[in-house]
Amino acid sequence: MMDLNSILAKLPYSAPFLFVDALTHVDEEGVAGTYTFDENLDFYRGHFNEKAITPGVILIETMAQIGLACLGIFLLNKDLKKGSSIALTSTEIQFLKPVYPKEKVTVISKKIYFRFGKLKCTVTMKNEAGQEVCKGILVGMITEEL
């Protein structure tokens, strides 16, 4: 059984493109984790001049890093080969509320299926008040370097 820190250590991301602070739960059926958006992240400088808002593509990336990549690493465990990665292949996301700089979000992902190297999940992102800010379905697959 992998511990939560060893999953994080296997993520193929680093700052400023790492959008996972902590995992709070992981098992065969899903994963939950958190991230707080640093107000100094570069994309905030031009994304709405009067009041910065986290771009939707960054919210999707956060959900994918926690909900697909972390869960995929856990599910593969020892079968994850060096040079393998988990690539996002499709999204269907509804955006419900804005996410602002300094906000902490929680991502909850539930596995729909994992077979033939393809992982499909329902994913929800909530703000600190417990309100859904976005939700939907993410699909990713395991790729290996050639």
# chains A, B, ... in the order shown; residues from 1 in each chain; ligands from 1
>>> residues_around(residues="stretch 115-132 of chain A", least_positions_apart="4", cutoff="8 Å", atoms="only C-alpha atoms", output="list in words")
Met63, Gly67, Leu68, Gly72, Leu96, Lys97, Val99, Glu103, Lys104, Val105, Thr106, Val107, Ile108, Ser109, Lys110, Lys111, Gly136, Ile137, Leu138, Val139, Gly140, Met141 and Ile142 of chain A
>>> write_last_selection(atoms="N, CA and C atoms", output="short mmCIF file (atom, residue, chain, number, x, y, z; two decimals), in the first residue's frame")
data_model
loop_
_atom_site.label_atom_id
_atom_site.label_comp_id
_atom_site.auth_asym_id
_atom_site.auth_seq_id
_atom_site.Cartn_x
_atom_site.Cartn_y
_atom_site.Cartn_z
N MET A 63 -7.77 19.71 -10.81
CA MET A 63 -8.60 18.51 -10.66
C MET A 63 -7.92 17.30 -11.30
N GLY A 67 -7.19 14.39 -9.04
CA GLY A 67 -8.21 13.38 -9.31
C GLY A 67 -7.82 12.29 -10.28
N LEU A 68 -6.89 12.57 -11.20
CA LEU A 68 -6.45 11.54 -12.15
C LEU A 68 -5.03 11.09 -11.86
N GLY A 72 -4.26 7.62 -10.33
CA GLY A 72 -3.60 6.70 -11.25
C GLY A 72 -2.30 6.13 -10.68
N LEU A 96 -19.09 26.56 -11.75
CA LEU A 96 -20.24 27.04 -10.99
C LEU A 96 -19.97 28.32 -10.21
N LYS A 97 -18.74 28.49 -9.72
CA LYS A 97 -18.37 29.67 -8.93
C LYS A 97 -16.92 30.02 -9.24
N VAL A 99 -13.00 31.02 -8.45
CA VAL A 99 -11.98 30.72 -7.43
C VAL A 99 -10.97 31.86 -7.49
N GLU A 103 -7.44 31.26 -2.24
CA GLU A 103 -8.49 30.30 -1.87
C GLU A 103 -7.92 28.89 -1.80
N LYS A 104 -8.36 28.16 -0.81
CA LYS A 104 -8.02 26.74 -0.68
C LYS A 104 -9.19 25.94 -1.21
N VAL A 105 -8.88 25.00 -2.11
CA VAL A 105 -9.92 24.15 -2.67
C VAL A 105 -9.64 22.69 -2.30
N THR A 106 -10.71 21.91 -2.29
CA THR A 106 -10.63 20.48 -2.08
C THR A 106 -11.17 19.80 -3.33
N VAL A 107 -10.42 18.83 -3.83
CA VAL A 107 -10.83 18.06 -4.99
C VAL A 107 -11.17 16.65 -4.52
N ILE A 108 -12.35 16.19 -4.92
CA ILE A 108 -12.79 14.83 -4.61
C ILE A 108 -13.03 14.11 -5.93
N SER A 109 -12.38 12.99 -6.10
CA SER A 109 -12.48 12.22 -7.34
C SER A 109 -12.97 10.81 -7.00
N LYS A 110 -13.92 10.34 -7.80
CA LYS A 110 -14.43 8.98 -7.64
C LYS A 110 -14.25 8.24 -8.96
N LYS A 111 -13.63 7.09 -8.87
CA LYS A 111 -13.34 6.29 -10.05
C LYS A 111 -14.64 5.77 -10.67
N GLY A 136 -17.44 17.62 -12.79
CA GLY A 136 -17.59 17.00 -14.09
C GLY A 136 -16.88 15.67 -14.18
N ILE A 137 -16.50 15.33 -15.41
CA ILE A 137 -15.86 14.05 -15.69
C ILE A 137 -14.51 14.32 -16.35
N LEU A 138 -13.49 13.62 -15.87
CA LEU A 138 -12.15 13.67 -16.45
C LEU A 138 -11.75 12.27 -16.87
N VAL A 139 -11.04 12.18 -17.99
CA VAL A 139 -10.53 10.91 -18.48
C VAL A 139 -9.05 11.09 -18.79
N GLY A 140 -8.26 10.12 -18.40
CA GLY A 140 -6.83 10.15 -18.70
C GLY A 140 -6.35 8.76 -19.03
N MET A 141 -5.16 8.69 -19.58
CA MET A 141 -4.58 7.39 -19.89
C MET A 141 -3.11 7.38 -19.57
N ILE A 142 -2.60 6.18 -19.32
CA ILE A 142 -1.19 5.99 -19.03
C ILE A 142 -0.43 5.97 -20.35
#
>>> select_by_dssp(residues="stretch 47-118 of chain A", states="strand (DSSP E or B)", output="list of chain:residue names")
A:Ser84, A:Ser85, A:Ile86, A:Ala87, A:Leu88, A:Thr89, A:Ser90, A:Thr91, A:Glu92, A:Ile93, A:Gln94, A:Phe95, A:Lys104, A:Val105, A:Thr106, A:Val107, A:Ile108, A:Ser109, A:Lys110, A:Lys111, A:Ile112, A:Tyr113, A:Phe114, A:Arg115, A:Lys118
>>> closest_atom_pairs(of="stretch 74-136 of chain A", to="stretch 51-62 of chain A", cutoff="9 Å", atoms="only C-alpha atoms", output="JSON lines")
{"residue": "A:Leu88", "atom": "CA", "partner": "A:Glu61", "partner_atom": "CA", "distance": 8.9}
{"residue": "A:Thr91", "atom": "CA", "partner": "A:Ile60", "partner_atom": "CA", "distance": 8.2}
{"residue": "A:Ile93", "atom": "CA", "partner": "A:Ile60", "partner_atom": "CA", "distance": 7.8}
{"residue": "A:Phe95", "atom": "CA", "partner": "A:Gly56", "partner_atom": "CA", "distance": 7.6}
{"residue": "A:Pro98", "atom": "CA", "partner": "A:Ile53", "partner_atom": "CA", "distance": 6.4}
{"residue": "A:Val99", "atom": "CA", "partner": "A:Thr54", "partner_atom": "CA", "distance": 5.5}
{"residue": "A:Tyr100", "atom": "CA", "partner": "A:Ile53", "partner_atom": "CA", "distance": 4.9}
{"residue": "A:Pro101", "atom": "CA", "partner": "A:Ile53", "partner_atom": "CA", "distance": 6.8}
{"residue": "A:Val107", "atom": "CA", "partner": "A:Thr62", "partner_atom": "CA", "distance": 8.0}
{"residue": "A:Met125", "atom": "CA", "partner": "A:Leu59", "partner_atom": "CA", "distance": 8.4}
{"residue": "A:Cys134", "atom": "CA", "partner": "A:Leu59", "partner_atom": "CA", "distance": 8.1}
>>> atom_distance(atom1="atom CA of A:His25", atom2="atom CA of A:Leu8")
12.3 Å
>>> atom_distance(atom1="atom CA of A:Leu71", atom2="atom CA of A:Thr24")
12.0 Å
>>> residues_around(residues="A:Ala22", least_positions_apart="5", cutoff="9 Å", atoms="only C-alpha atoms", output="PyMOL selection string")
chain A and resi 4-5+8+32-35
>>> select_by_dssp(residues="chain A", states="helix (DSSP H, G or I)", output="PyMOL selection string")
chain A and resi 4-9+42-45+56-79
>>> closest_residue(among="A:Phe17, A:Pro12, A:Ile7, A:Asn49", to="A:Ser84", atoms="only C-alpha atoms")
A:Pro12
>>> atom_distance(atom1="atom CA of A:Leu41", atom2="atom CA of A:Ile73")
26.4 Å
>>> closest_residue(among="A:Lys10, A:Gln94, A:Phe74, A:Lys102", to="A:Asp38", atoms="only C-alpha atoms")
A:Lys102
>>> closest_residue(among="A:Ser6, A:Gln65, A:Glu28, A:Thr143", to="A:Tyr113", atoms="only C-alpha atoms")
A:Glu28
